[in-house]
$ cat data21.pdb   # PDB, C-alpha atoms
ATOM      1  CA  MET A   1     -44.562  60.197  -7.787  1.00  0.00           C
ATOM      2  CA  LYS A   2     -41.134  61.670  -8.415  1.00  0.00           C
ATOM      3  CA  PRO A   3     -38.756  59.925 -10.793  1.00  0.00           C
ATOM      4  CA  ALA A   4     -35.833  58.274  -9.049  1.00  0.00           C
ATOM      5  CA  ARG A   5     -32.443  59.950  -8.999  1.00  0.00           C
ATOM      6  CA  ASP A   6     -29.824  58.905 -11.501  1.00  0.00           C
ATOM      7  CA  THR A   7     -27.434  57.348  -8.970  1.00  0.00           C
ATOM      8  CA  SER A   8     -26.133  54.176 -10.528  1.00  0.00           C
ATOM      9  CA  GLU A   9     -25.399  51.073  -8.515  1.00  0.00           C
ATOM     10  CA  ALA A  10     -21.750  51.283  -9.516  1.00  0.00           C
ATOM     11  CA  GLU A  11     -21.515  54.791  -8.023  1.00  0.00           C
ATOM     12  CA  LEU A  12     -23.356  53.864  -4.848  1.00  0.00           C
ATOM     13  CA  MET A  13     -21.110  51.079  -3.621  1.00  0.00           C
ATOM     14  CA  PRO A  14     -17.811  53.027  -3.471  1.00  0.00           C
ATOM     15  CA  ARG A  15     -19.557  56.071  -1.994  1.00  0.00           C
ATOM     16  CA  ARG A  16     -21.207  54.139   0.819  1.00  0.00           C
ATOM     17  CA  ARG A  17     -17.938  52.541   1.793  1.00  0.00           C
ATOM     18  CA  SER A  18     -16.513  55.987   2.440  1.00  0.00           C
ATOM     19  CA  GLU A  19     -19.428  56.628   4.832  1.00  0.00           C
ATOM     20  CA  ASP A  20     -20.912  59.271   2.552  1.00  0.00           C
ATOM     21  CA  ALA A  21     -24.058  60.533   4.309  1.00  0.00           C
ATOM     22  CA  GLU A  22     -25.875  61.135   1.010  1.00  0.00           C
ATOM     23  CA  ALA A  23     -25.176  57.560  -0.113  1.00  0.00           C
ATOM     24  CA  TRP A  24     -26.493  56.251   3.205  1.00  0.00           C
ATOM     25  CA  ARG A  25     -29.693  58.299   2.814  1.00  0.00           C
ATOM     26  CA  GLU A  26     -30.055  56.831  -0.676  1.00  0.00           C
ATOM     27  CA  ILE A  27     -29.769  53.287   0.707  1.00  0.00           C
ATOM     28  CA  VAL A  28     -32.417  53.976   3.339  1.00  0.00           C
ATOM     29  CA  ARG A  29     -34.656  55.706   0.767  1.00  0.00           C
ATOM     30  CA  ARG A  30     -34.354  52.726  -1.577  1.00  0.00           C
ATOM     31  CA  PHE A  31     -35.078  50.011   0.942  1.00  0.00           C
ATOM     32  CA  ALA A  32     -37.342  51.687   3.514  1.00  0.00           C
ATOM     33  CA  PRO A  33     -40.508  50.878   1.513  1.00  0.00           C
ATOM     34  CA  TYR A  34     -39.576  47.193   1.489  1.00  0.00           C
ATOM     35  CA  VAL A  35     -38.833  47.104   5.219  1.00  0.00           C
ATOM     36  CA  HIS A  36     -42.096  48.958   5.885  1.00  0.00           C
ATOM     37  CA  ALA A  37     -44.063  46.522   3.707  1.00  0.00           C
ATOM     38  CA  VAL A  38     -42.564  43.515   5.504  1.00  0.00           C
ATOM     39  CA  THR A  39     -43.367  44.954   8.935  1.00  0.00           C
ATOM     40  CA  ARG A  40     -46.950  45.659   7.815  1.00  0.00           C
ATOM     41  CA  ALA A  41     -47.325  42.200   6.287  1.00  0.00           C
ATOM     42  CA  ASN A  42     -46.270  40.827   9.681  1.00  0.00           C
ATOM     43  CA  GLU A  43     -48.929  43.027  11.291  1.00  0.00           C
ATOM     44  CA  LEU A  44     -46.457  44.613  13.679  1.00  0.00           C
ATOM     45  CA  PRO A  45     -47.795  47.452  15.824  1.00  0.00           C
ATOM     46  CA  ASP A  46     -46.237  50.847  15.105  1.00  0.00           C
ATOM     47  CA  ASP A  47     -43.700  50.706  17.935  1.00  0.00           C
ATOM     48  CA  ALA A  48     -42.537  47.193  16.981  1.00  0.00           C
ATOM     49  CA  ALA A  49     -42.385  48.192  13.295  1.00  0.00           C
ATOM     50  CA  ALA A  50     -40.270  51.239  14.158  1.00  0.00           C
ATOM     51  CA  ALA A  51     -37.926  49.101  16.263  1.00  0.00           C
ATOM     52  CA  ALA A  52     -37.646  46.539  13.449  1.00  0.00           C
ATOM     53  CA  PHE A  53     -36.849  49.325  10.977  1.00  0.00           C
ATOM     54  CA  ASP A  54     -34.111  50.624  13.290  1.00  0.00           C
ATOM     55  CA  ASP A  55     -32.713  47.118  13.818  1.00  0.00           C
ATOM     56  CA  VAL A  56     -32.572  46.376  10.091  1.00  0.00           C
ATOM     57  CA  PHE A  57     -30.779  49.575   9.142  1.00  0.00           C
ATOM     58  CA  ALA A  58     -28.470  49.505  12.175  1.00  0.00           C
ATOM     59  CA  SER A  59     -27.407  45.987  11.180  1.00  0.00           C
ATOM     60  CA  VAL A  60     -26.907  47.017   7.560  1.00  0.00           C
ATOM     61  CA  TRP A  61     -24.791  49.957   8.723  1.00  0.00           C
ATOM     62  CA  THR A  62     -22.521  47.694  10.786  1.00  0.00           C
ATOM     63  CA  GLU A  63     -22.170  45.176   7.921  1.00  0.00           C
ATOM     64  CA  ILE A  64     -21.997  47.561   4.988  1.00  0.00           C
ATOM     65  CA  ASP A  65     -18.268  47.264   4.326  1.00  0.00           C
ATOM     66  CA  ARG A  66     -18.480  43.464   4.148  1.00  0.00           C
ATOM     67  CA  LEU A  67     -21.264  43.465   1.536  1.00  0.00           C
ATOM     68  CA  GLU A  68     -19.703  43.163  -1.875  1.00  0.00           C
ATOM     69  CA  GLY A  69     -21.883  44.750  -4.507  1.00  0.00           C
ATOM     70  CA  ASP A  70     -25.401  46.030  -4.824  1.00  0.00           C
ATOM     71  CA  ASP A  71     -26.945  42.559  -5.102  1.00  0.00           C
ATOM     72  CA  ALA A  72     -25.357  41.537  -1.791  1.00  0.00           C
ATOM     73  CA  LEU A  73     -26.670  44.708  -0.164  1.00  0.00           C
ATOM     74  CA  ARG A  74     -30.194  44.086  -1.474  1.00  0.00           C
ATOM     75  CA  ALA A  75     -30.130  40.419  -0.425  1.00  0.00           C
ATOM     76  CA  ARG A  76     -28.965  41.328   3.072  1.00  0.00           C
ATOM     77  CA  VAL A  77     -31.661  43.986   3.526  1.00  0.00           C
ATOM     78  CA  VAL A  78     -34.300  41.483   2.398  1.00  0.00           C
ATOM     79  CA  GLU A  79     -32.987  38.813   4.748  1.00  0.00           C
ATOM     80  CA  LEU A  80     -32.736  41.159   7.734  1.00  0.00           C
ATOM     81  CA  ALA A  81     -36.167  42.707   7.182  1.00  0.00           C
ATOM     82  CA  GLU A  82     -37.855  39.329   6.951  1.00  0.00           C
ATOM     83  CA  ASP A  83     -35.993  37.842   9.916  1.00  0.00           C
ATOM     84  CA  VAL A  84     -36.393  40.829  12.240  1.00  0.00           C
ATOM     85  CA  ALA A  85     -40.096  41.251  11.450  1.00  0.00           C
ATOM     86  CA  ALA A  86     -40.751  37.520  11.900  1.00  0.00           C
ATOM     87  CA  GLU A  87     -39.013  37.590  15.305  1.00  0.00           C
ATOM     88  CA  ARG A  88     -41.290  40.418  16.444  1.00  0.00           C
ATOM     89  CA  ARG A  89     -44.482  38.934  15.023  1.00  0.00           C
ATOM     90  CA  GLU A  90     -46.983  37.435  17.396  1.00  0.00           C
ATOM     91  CA  GLY A  91     -48.736  34.373  16.090  1.00  0.00           C
ATOM     92  CA  ASP A  92     -48.158  32.229  13.026  1.00  0.00           C
ATOM     93  CA  PRO A  93     -45.627  33.311  10.418  1.00  0.00           C
ATOM     94  CA  ILE A  94     -46.933  35.050   7.330  1.00  0.00           C
ATOM     95  CA  PRO A  95     -47.214  32.915   4.192  1.00  0.00           C
ATOM     96  CA  GLU A  96     -44.069  32.561   2.105  1.00  0.00           C
ATOM     97  CA  GLU A  97     -46.171  33.597  -0.892  1.00  0.00           C
ATOM     98  CA  THR A  98     -46.627  37.063   0.663  1.00  0.00           C
ATOM     99  CA  LEU A  99     -42.880  37.466   1.146  1.00  0.00           C
ATOM    100  CA  ARG A 100     -42.238  36.256  -2.389  1.00  0.00           C
ATOM    101  CA  TRP A 101     -44.671  38.859  -3.728  1.00  0.00           C
ATOM    102  CA  LEU A 102     -42.957  41.634  -1.703  1.00  0.00           C
ATOM    103  CA  ARG A 103     -39.526  40.517  -2.971  1.00  0.00           C
ATOM    104  CA  GLN A 104     -40.826  40.631  -6.548  1.00  0.00           C
ATOM    105  CA  ALA A 105     -42.201  44.126  -5.998  1.00  0.00           C
ATOM    106  CA  LEU A 106     -38.802  45.224  -4.680  1.00  0.00           C
ATOM    107  CA  GLY A 107     -37.147  43.652  -7.711  1.00  0.00           C
ATOM    108  CA  VAL A 108     -39.379  45.577 -10.087  1.00  0.00           C
ATOM    109  CA  GLN A 109     -38.818  48.825  -8.183  1.00  0.00           C
ATOM    110  CA  GLU A 110     -35.058  48.314  -8.310  1.00  0.00           C
ATOM    111  CA  ALA A 111     -35.157  47.402 -12.002  1.00  0.00           C
ATOM    112  CA  VAL A 112     -37.128  50.520 -12.871  1.00  0.00           C
ATOM    113  CA  ARG A 113     -34.741  52.624 -10.800  1.00  0.00           C
ATOM    114  CA  GLY A 114     -31.916  51.481 -13.043  1.00  0.00           C
ATOM    115  CA  LEU A 115     -33.552  52.711 -16.260  1.00  0.00           C
ATOM    116  CA  PRO A 116     -32.591  55.963 -17.944  1.00  0.00           C
ATOM    117  CA  ALA A 117     -34.656  58.899 -16.649  1.00  0.00           C
ATOM    118  CA  SER A 118     -36.557  59.225 -19.937  1.00  0.00           C
ATOM    119  CA  GLN A 119     -37.739  55.608 -19.803  1.00  0.00           C
ATOM    120  CA  ARG A 120     -38.646  55.897 -16.116  1.00  0.00           C
ATOM    121  CA  GLU A 121     -40.792  58.890 -16.972  1.00  0.00           C
ATOM    122  CA  LEU A 122     -42.545  57.028 -19.770  1.00  0.00           C
ATOM    123  CA  LEU A 123     -43.283  54.071 -17.476  1.00  0.00           C
ATOM    124  CA  GLN A 124     -44.475  56.458 -14.777  1.00  0.00           C
ATOM    125  CA  ARG A 125     -46.895  58.134 -17.169  1.00  0.00           C
ATOM    126  CA  SER A 126     -48.082  54.860 -18.684  1.00  0.00           C
ATOM    127  CA  VAL A 127     -48.254  52.430 -15.758  1.00  0.00           C
ATOM    128  CA  ILE A 128     -48.741  54.670 -12.723  1.00  0.00           C
ATOM    129  CA  ASP A 129     -50.611  57.637 -14.220  1.00  0.00           C
ATOM    130  CA  GLY A 130     -52.583  55.516 -16.702  1.00  0.00           C
ATOM    131  CA  GLN A 131     -51.882  57.716 -19.728  1.00  0.00           C
ATOM    132  CA  ASP A 132     -52.092  56.161 -23.155  1.00  0.00           C
ATOM    133  CA  ASP A 133     -49.370  56.515 -25.785  1.00  0.00           C
ATOM    134  CA  ALA A 134     -51.160  59.387 -27.533  1.00  0.00           C
ATOM    135  CA  ALA A 135     -51.462  61.438 -24.333  1.00  0.00           C
ATOM    136  CA  ILE A 136     -47.826  60.811 -23.433  1.00  0.00           C
ATOM    137  CA  ALA A 137     -46.695  61.720 -26.939  1.00  0.00           C
ATOM    138  CA  ALA A 138     -48.681  64.967 -26.863  1.00  0.00           C
ATOM    139  CA  THR A 139     -47.406  65.959 -23.416  1.00  0.00           C
ATOM    140  CA  LEU A 140     -43.768  65.205 -24.188  1.00  0.00           C
ATOM    141  CA  GLU A 141     -43.962  66.389 -27.806  1.00  0.00           C
ATOM    142  CA  LEU A 142     -42.877  63.028 -29.177  1.00  0.00           C
ATOM    143  CA  GLY A 143     -44.313  60.806 -31.862  1.00  0.00           C
ATOM    144  CA  GLU A 144     -46.645  58.022 -30.757  1.00  0.00           C
ATOM    145  CA  ASP A 145     -44.388  55.472 -32.462  1.00  0.00           C
ATOM    146  CA  THR A 146     -41.422  56.778 -30.453  1.00  0.00           C
ATOM    147  CA  VAL A 147     -43.371  56.511 -27.209  1.00  0.00           C
ATOM    148  CA  ALA A 148     -44.530  52.984 -28.042  1.00  0.00           C
ATOM    149  CA  GLU A 149     -40.996  51.917 -28.984  1.00  0.00           C
ATOM    150  CA  GLN A 150     -39.439  53.434 -25.855  1.00  0.00           C
ATOM    151  CA  LEU A 151     -42.082  51.858 -23.617  1.00  0.00           C
ATOM    152  CA  THR A 152     -41.435  48.472 -25.187  1.00  0.00           C
ATOM    153  CA  GLN A 153     -37.685  48.884 -24.643  1.00  0.00           C
ATOM    154  CA  ALA A 154     -38.243  49.985 -21.045  1.00  0.00           C
ATOM    155  CA  ARG A 155     -40.459  46.988 -20.299  1.00  0.00           C
ATOM    156  CA  LEU A 156     -37.948  44.602 -21.859  1.00  0.00           C
ATOM    157  CA  ARG A 157     -35.129  46.129 -19.817  1.00  0.00           C
ATOM    158  CA  VAL A 158     -37.147  45.884 -16.610  1.00  0.00           C
ATOM    159  CA  ARG A 159     -38.027  42.267 -17.329  1.00  0.00           C
ATOM    160  CA  ALA A 160     -34.373  41.379 -18.021  1.00  0.00           C
ATOM    161  CA  ARG A 161     -33.137  43.202 -14.911  1.00  0.00           C
ATOM    162  CA  VAL A 162     -35.749  41.528 -12.712  1.00  0.00           C
ATOM    163  CA  ARG A 163     -34.724  38.096 -13.987  1.00  0.00           C
ATOM    164  CA  ARG A 164     -31.018  38.841 -13.555  1.00  0.00           C
ATOM    165  CA  ARG A 165     -31.531  40.203 -10.032  1.00  0.00           C
ATOM    166  CA  ALA A 166     -33.675  37.239  -9.049  1.00  0.00           C
ATOM    167  CA  LEU A 167     -30.840  34.930 -10.020  1.00  0.00           C
ATOM    168  CA  ASN A 168     -28.293  37.069  -8.172  1.00  0.00           C
ATOM    169  CA  VAL A 169     -30.422  37.152  -5.009  1.00  0.00           C
ATOM    170  CA  GLN A 170     -30.871  33.379  -5.121  1.00  0.00           C
ATOM    171  CA  GLU A 171     -27.111  32.939  -5.460  1.00  0.00           C
ATOM    172  CA  GLU A 172     -26.471  35.393  -2.613  1.00  0.00           C
ATOM    173  CA  ARG A 173     -28.876  33.529  -0.326  1.00  0.00           C
ATOM    174  CA  LEU A 174     -26.973  30.315  -0.937  1.00  0.00           C
ATOM    175  CA  ARG A 175     -23.712  31.899   0.299  1.00  0.00           C
ATOM    176  CA  PRO A 176     -23.207  32.105   4.043  1.00  0.00           C
ATOM    177  CA  HIS A 177     -22.915  35.654   5.378  1.00  0.00           C
ATOM    178  CA  ASP A 178     -20.009  36.737   7.504  1.00  0.00           C
ATOM    179  CA  ARG A 179     -21.923  37.999  10.519  1.00  0.00           C
ATOM    180  CA  ALA A 180     -18.997  38.412  12.832  1.00  0.00           C
TER     181      ALA A 180
END
$ encode --input "data21.pdb" --output "structure tokens"
Amino acid sequence: MKPARDTSEAELMPRRRSEDAEAWREIVRRFAPYVHAVTRANELPDDAAAAAFDDVFASVWTEIDRLEGDDALRARVVELAEDVAAERREGDPIPEETLRWLRQALGVQEAVRGLPASQRELLQRSVIDGQDDAAIAATLELGEDTVAEQLTQARLRVRARVRRRALNVQEERLRPHDRA
């Protein structure tokens, strides 16, 4: 797994408004895994999943200048992905618990993305690669105490960002969207 780029949310919003192709690719790269997960959770066949993916990102593209801030963008992608996939699903809707779990996973991914590169790397090595503090310290030529301290800080930052984003998404869902 490659560490995420260091594009901050503050940089992304003005760039996307100017129709910067690189910023648009970054938006798709960020949210494609979520849209894919929602289409799979809805058990859409490949052709329906591909059409849902296209519909979600086409809608986001047409609405992008009306979305104020990164939290509004994220909330709109979540809403569109869930609505479009549900419309294409045959049979009973998927449990809300499944969607809640996918939203939480997106929140964690987004929170980690916002960490400094050094802390993302430490989390990658610890959580994803399963390395212990001693192995990380040896590989990166750091002290074990430094690794442990940085990992603790990274986890605290992720936790705080996830909580803050959850509140922002809830607030955004309460506001009506201008869909004209």
$ closest_residue --input "data21.pdb" --among "A:Ile27, A:Arg163, A:Arg88, A:Pro33" --to "Val60 (chain A)" --atoms "only C-alpha atoms"
A:Ile27
$ resolve_selection --input "data21.pdb" --expression "the PyMOL selection byres ((chain A and resi 99-112) around 8)" --output "short mmCIF file (atom, residue, chain, number, x, y, z; two decimals) with C-alpha atoms, in the coordinates of the input"
data_model
loop_
_atom_site.label_atom_id
_atom_site.label_comp_id
_atom_site.auth_asym_id
_atom_site.auth_seq_id
_atom_site.Cartn_x
_atom_site.Cartn_y
_atom_site.Cartn_z
CA TYR A 34 -39.58 47.19 1.49
CA ALA A 37 -44.06 46.52 3.71
CA VAL A 38 -42.56 43.52 5.50
CA VAL A 78 -34.30 41.48 2.40
CA GLU A 82 -37.85 39.33 6.95
CA ILE A 94 -46.93 35.05 7.33
CA PRO A 95 -47.21 32.92 4.19
CA GLU A 96 -44.07 32.56 2.10
CA GLU A 97 -46.17 33.60 -0.89
CA THR A 98 -46.63 37.06 0.66
CA ARG A 113 -34.74 52.62 -10.80
CA GLY A 114 -31.92 51.48 -13.04
CA LEU A 115 -33.55 52.71 -16.26
CA ARG A 120 -38.65 55.90 -16.12
CA ARG A 157 -35.13 46.13 -19.82
CA VAL A 158 -37.15 45.88 -16.61
CA ARG A 159 -38.03 42.27 -17.33
CA ARG A 161 -33.14 43.20 -14.91
CA VAL A 162 -35.75 41.53 -12.71
CA ARG A 165 -31.53 40.20 -10.03
CA ALA A 166 -33.67 37.24 -9.05
#
$ axis_aligned_box --input "data21.pdb" --around "region 54-71 of chain A" --padding-each-side "4 Å" --output "JSON"
{"center_x": -26.2, "center_y": 46.6, "center_z": 4.4, "size_x": 23.8, "size_y": 16.1, "size_z": 26.9}
$ atom_distance --input "data21.pdb" --atom1 "CA of Arg29 (chain A)" --atom2 "CA of Arg155 (chain A)"
23.5 Å
$ atom_distance --input "data21.pdb" --atom1 "CA of Ala50 (chain A)" --atom2 "CA of Glu63 (chain A)"
20.1 Å
$ residues_around --input "data21.pdb" --residues "Gly91 (chain A)" --least-positions-apart "5" --cutoff "10 Å" --atoms "all atoms listed in the file" --output "PyMOL selection string"
chain A and resi 42-43+86
$ write_last_selection --input "data21.pdb" --atoms "C-alpha atoms" --output "PDB file, in the coordinates of the input"
ATOM      1  CA  ASN A  42     -46.270  40.827   9.681  1.00  0.00           C
ATOM      2  CA  GLU A  43     -48.929  43.027  11.291  1.00  0.00           C
ATOM      3  CA  ALA A  86     -40.751  37.520  11.900  1.00  0.00           C
TER       4      ALA A  86
END
$ atom_distance --input "data21.pdb" --atom1 "CA of Thr39 (chain A)" --atom2 "CA of Glu79 (chain A)"
12.8 Å
$ closest_residue --input "data21.pdb" --among "A:Val127, A:Phe57, A:Ala48, A:Glu141" --to "Arg89 (chain A)" --atoms "only C-alpha atoms"
A:Ala48
$ residues_near_point --input "data21.pdb" --point "(-45.1, 63.4, -20.4)" --cutoff "12 Å" --atoms "all atoms listed in the file" --output "list in words"
Ala117, Ser118, Gln119, Arg120, Glu121, Leu122, Leu123, Gln124, Arg125, Ser126, Asp129, Gly130, Gln131, Asp132, Asp133, Ala134, Ala135, Ile136, Ala137, Ala138, Thr139, Leu140, Glu141, Leu142, Gly143, Glu144 and Val147 of chain A
$ write_last_selection --input "data21.pdb" --atoms "C-alpha atoms" --output "PDB file, in the frame of the given file"
ATOM      1  CA  ALA A 117     -34.656  58.899 -16.649  1.00  0.00           C
ATOM      2  CA  SER A 118     -36.557  59.225 -19.937  1.00  0.00           C
ATOM      3  CA  GLN A 119     -37.739  55.608 -19.803  1.00  0.00           C
ATOM      4  CA  ARG A 120     -38.646  55.897 -16.116  1.00  0.00           C
ATOM      5  CA  GLU A 121     -40.792  58.890 -16.972  1.00  0.00           C
ATOM      6  CA  LEU A 122     -42.545  57.028 -19.770  1.00  0.00           C
ATOM      7  CA  LEU A 123     -43.283  54.071 -17.476  1.00  0.00           C
ATOM      8  CA  GLN A 124     -44.475  56.458 -14.777  1.00  0.00           C
ATOM      9  CA  ARG A 125     -46.895  58.134 -17.169  1.00  0.00           C
ATOM     10  CA  SER A 126     -48.082  54.860 -18.684  1.00  0.00           C
ATOM     11  CA  ASP A 129     -50.611  57.637 -14.220  1.00  0.00           C
ATOM     12  CA  GLY A 130     -52.583  55.516 -16.702  1.00  0.00           C
ATOM     13  CA  GLN A 131     -51.882  57.716 -19.728  1.00  0.00           C
ATOM     14  CA  ASP A 132     -52.092  56.161 -23.155  1.00  0.00           C
ATOM     15  CA  ASP A 133     -49.370  56.515 -25.785  1.00  0.00           C
ATOM     16  CA  ALA A 134     -51.160  59.387 -27.533  1.00  0.00           C
ATOM     17  CA  ALA A 135     -51.462  61.438 -24.333  1.00  0.00           C
ATOM     18  CA  ILE A 136     -47.826  60.811 -23.433  1.00  0.00           C
ATOM     19  CA  ALA A 137     -46.695  61.720 -26.939  1.00  0.00           C
ATOM     20  CA  ALA A 138     -48.681  64.967 -26.863  1.00  0.00           C
ATOM     21  CA  THR A 139     -47.406  65.959 -23.416  1.00  0.00           C
ATOM     22  CA  LEU A 140     -43.768  65.205 -24.188  1.00  0.00           C
ATOM     23  CA  GLU A 141     -43.962  66.389 -27.806  1.00  0.00           C
ATOM     24  CA  LEU A 142     -42.877  63.028 -29.177  1.00  0.00           C
ATOM     25  CA  GLY A 143     -44.313  60.806 -31.862  1.00  0.00           C
ATOM     26  CA  GLU A 144     -46.645  58.022 -30.757  1.00  0.00           C
ATOM     27  CA  VAL A 147     -43.371  56.511 -27.209  1.00  0.00           C
TER      28      VAL A 147
END
$ closest_residue --input "data21.pdb" --among "A:Trp61, A:His36, A:Leu156, A:Asp46" --to "Asp20 (chain A)" --atoms "all atoms listed in the file"
A:Trp61
$ closest_residue --input "data21.pdb" --among "A:Ala23, A:Ala148, A:Val56, A:Ala160" --to "Val84 (chain A)" --atoms "all atoms listed in the file"
A:Val56
$ closest_residue --input "data21.pdb" --among "A:Ala72, A:Glu22, A:Ala85, A:Pro116" --to "Gln150 (chain A)" --atoms "all atoms listed in the file"
A:Pro116
$ decode --input "data21.pdb" --residues "region 123-148 of chain A" --atoms "N, CA and C atoms" --output "PDB file, in the first residue's frame"
ATOM      1  N   LEU A 123       1.595   4.299  10.893  1.00  0.00           N
ATOM      2  CA  LEU A 123       0.344   3.543  10.972  1.00  0.00           C
ATOM      3  C   LEU A 123       0.319   2.427   9.934  1.00  0.00           C
ATOM      4  N   GLN A 124       0.796   2.709   8.750  1.00  0.00           N
ATOM      5  CA  GLN A 124       0.862   1.697   7.696  1.00  0.00           C
ATOM      6  C   GLN A 124       1.674   0.503   8.173  1.00  0.00           C
ATOM      7  N   ARG A 125       2.854   0.781   8.695  1.00  0.00           N
ATOM      8  CA  ARG A 125       3.745  -0.297   9.143  1.00  0.00           C
ATOM      9  C   ARG A 125       3.150  -1.053  10.335  1.00  0.00           C
ATOM     10  N   SER A 126       2.514  -0.334  11.235  1.00  0.00           N
ATOM     11  CA  SER A 126       1.981  -0.960  12.441  1.00  0.00           C
ATOM     12  C   SER A 126       0.672  -1.698  12.173  1.00  0.00           C
ATOM     13  N   VAL A 127      -0.314  -1.007  11.633  1.00  0.00           N
ATOM     14  CA  VAL A 127      -1.659  -1.562  11.502  1.00  0.00           C
ATOM     15  C   VAL A 127      -1.786  -2.470  10.277  1.00  0.00           C
ATOM     16  N   ILE A 128      -1.319  -2.022   9.144  1.00  0.00           N
ATOM     17  CA  ILE A 128      -1.497  -2.776   7.901  1.00  0.00           C
ATOM     18  C   ILE A 128      -0.451  -3.880   7.762  1.00  0.00           C
ATOM     19  N   ASP A 129       0.823  -3.511   7.980  1.00  0.00           N
ATOM     20  CA  ASP A 129       1.908  -4.487   7.795  1.00  0.00           C
ATOM     21  C   ASP A 129       2.136  -5.369   9.019  1.00  0.00           C
ATOM     22  N   GLY A 130       1.576  -4.981  10.168  1.00  0.00           N
ATOM     23  CA  GLY A 130       1.689  -5.796  11.370  1.00  0.00           C
ATOM     24  C   GLY A 130       3.047  -5.767  12.051  1.00  0.00           C
ATOM     25  N   GLN A 131       3.851  -4.748  11.776  1.00  0.00           N
ATOM     26  CA  GLN A 131       5.162  -4.643  12.414  1.00  0.00           C
ATOM     27  C   GLN A 131       5.012  -4.124  13.836  1.00  0.00           C
ATOM     28  N   ASP A 132       5.845  -4.609  14.724  1.00  0.00           N
ATOM     29  CA  ASP A 132       5.830  -4.075  16.081  1.00  0.00           C
ATOM     30  C   ASP A 132       6.730  -2.842  16.151  1.00  0.00           C
ATOM     31  N   ASP A 133       6.677  -2.154  17.293  1.00  0.00           N
ATOM     32  CA  ASP A 133       7.432  -0.911  17.451  1.00  0.00           C
ATOM     33  C   ASP A 133       8.931  -1.113  17.236  1.00  0.00           C
ATOM     34  N   ALA A 134       9.460  -2.224  17.721  1.00  0.00           N
ATOM     35  CA  ALA A 134      10.897  -2.489  17.584  1.00  0.00           C
ATOM     36  C   ALA A 134      11.294  -2.633  16.114  1.00  0.00           C
ATOM     37  N   ALA A 135      10.487  -3.354  15.340  1.00  0.00           N
ATOM     38  CA  ALA A 135      10.798  -3.543  13.921  1.00  0.00           C
ATOM     39  C   ALA A 135      10.706  -2.221  13.165  1.00  0.00           C
ATOM     40  N   ILE A 136       9.700  -1.436  13.484  1.00  0.00           N
ATOM     41  CA  ILE A 136       9.543  -0.127  12.836  1.00  0.00           C
ATOM     42  C   ILE A 136      10.726   0.761  13.180  1.00  0.00           C
ATOM     43  N   ALA A 137      11.078   0.790  14.455  1.00  0.00           N
ATOM     44  CA  ALA A 137      12.198   1.620  14.909  1.00  0.00           C
ATOM     45  C   ALA A 137      13.493   1.224  14.194  1.00  0.00           C
ATOM     46  N   ALA A 138      13.731  -0.068  14.066  1.00  0.00           N
ATOM     47  CA  ALA A 138      14.953  -0.533  13.406  1.00  0.00           C
ATOM     48  C   ALA A 138      14.956  -0.149  11.927  1.00  0.00           C
ATOM     49  N   THR A 139      13.832  -0.334  11.259  1.00  0.00           N
ATOM     50  CA  THR A 139      13.744  -0.030   9.832  1.00  0.00           C
ATOM     51  C   THR A 139      13.922   1.458   9.565  1.00  0.00           C
ATOM     52  N   LEU A 140      13.300   2.274  10.385  1.00  0.00           N
ATOM     53  CA  LEU A 140      13.327   3.727  10.159  1.00  0.00           C
ATOM     54  C   LEU A 140      14.454   4.433  10.911  1.00  0.00           C
ATOM     55  N   GLU A 141      15.239   3.636  11.633  1.00  0.00           N
ATOM     56  CA  GLU A 141      16.356   4.184  12.428  1.00  0.00           C
ATOM     57  C   GLU A 141      15.875   5.244  13.407  1.00  0.00           C
ATOM     58  N   LEU A 142      14.851   4.871  14.163  1.00  0.00           N
ATOM     59  CA  LEU A 142      14.294   5.720  15.210  1.00  0.00           C
ATOM     60  C   LEU A 142      14.339   4.948  16.522  1.00  0.00           C
ATOM     61  N   GLY A 143      14.177   5.653  17.614  1.00  0.00           N
ATOM     62  CA  GLY A 143      14.073   4.983  18.900  1.00  0.00           C
ATOM     63  C   GLY A 143      12.684   4.379  19.065  1.00  0.00           C
ATOM     64  N   GLU A 144      12.611   3.281  19.811  1.00  0.00           N
ATOM     65  CA  GLU A 144      11.305   2.650  20.046  1.00  0.00           C
ATOM     66  C   GLU A 144      10.348   3.600  20.757  1.00  0.00           C
ATOM     67  N   ASP A 145      10.875   4.387  21.702  1.00  0.00           N
ATOM     68  CA  ASP A 145      10.025   5.350  22.407  1.00  0.00           C
ATOM     69  C   ASP A 145       9.442   6.381  21.436  1.00  0.00           C
ATOM     70  N   THR A 146      10.239   6.811  20.471  1.00  0.00           N
ATOM     71  CA  THR A 146       9.778   7.774  19.475  1.00  0.00           C
ATOM     72  C   THR A 146       8.666   7.165  18.630  1.00  0.00           C
ATOM     73  N   VAL A 147       8.871   5.922  18.214  1.00  0.00           N
ATOM     74  CA  VAL A 147       7.851   5.240  17.411  1.00  0.00           C
ATOM     75  C   VAL A 147       6.563   5.114  18.214  1.00  0.00           C
ATOM     76  N   ALA A 148       6.681   4.662  19.453  1.00  0.00           N
ATOM     77  CA  ALA A 148       5.492   4.484  20.299  1.00  0.00           C
ATOM     78  C   ALA A 148       4.772   5.817  20.499  1.00  0.00           C
TER      79      ALA A 148
END
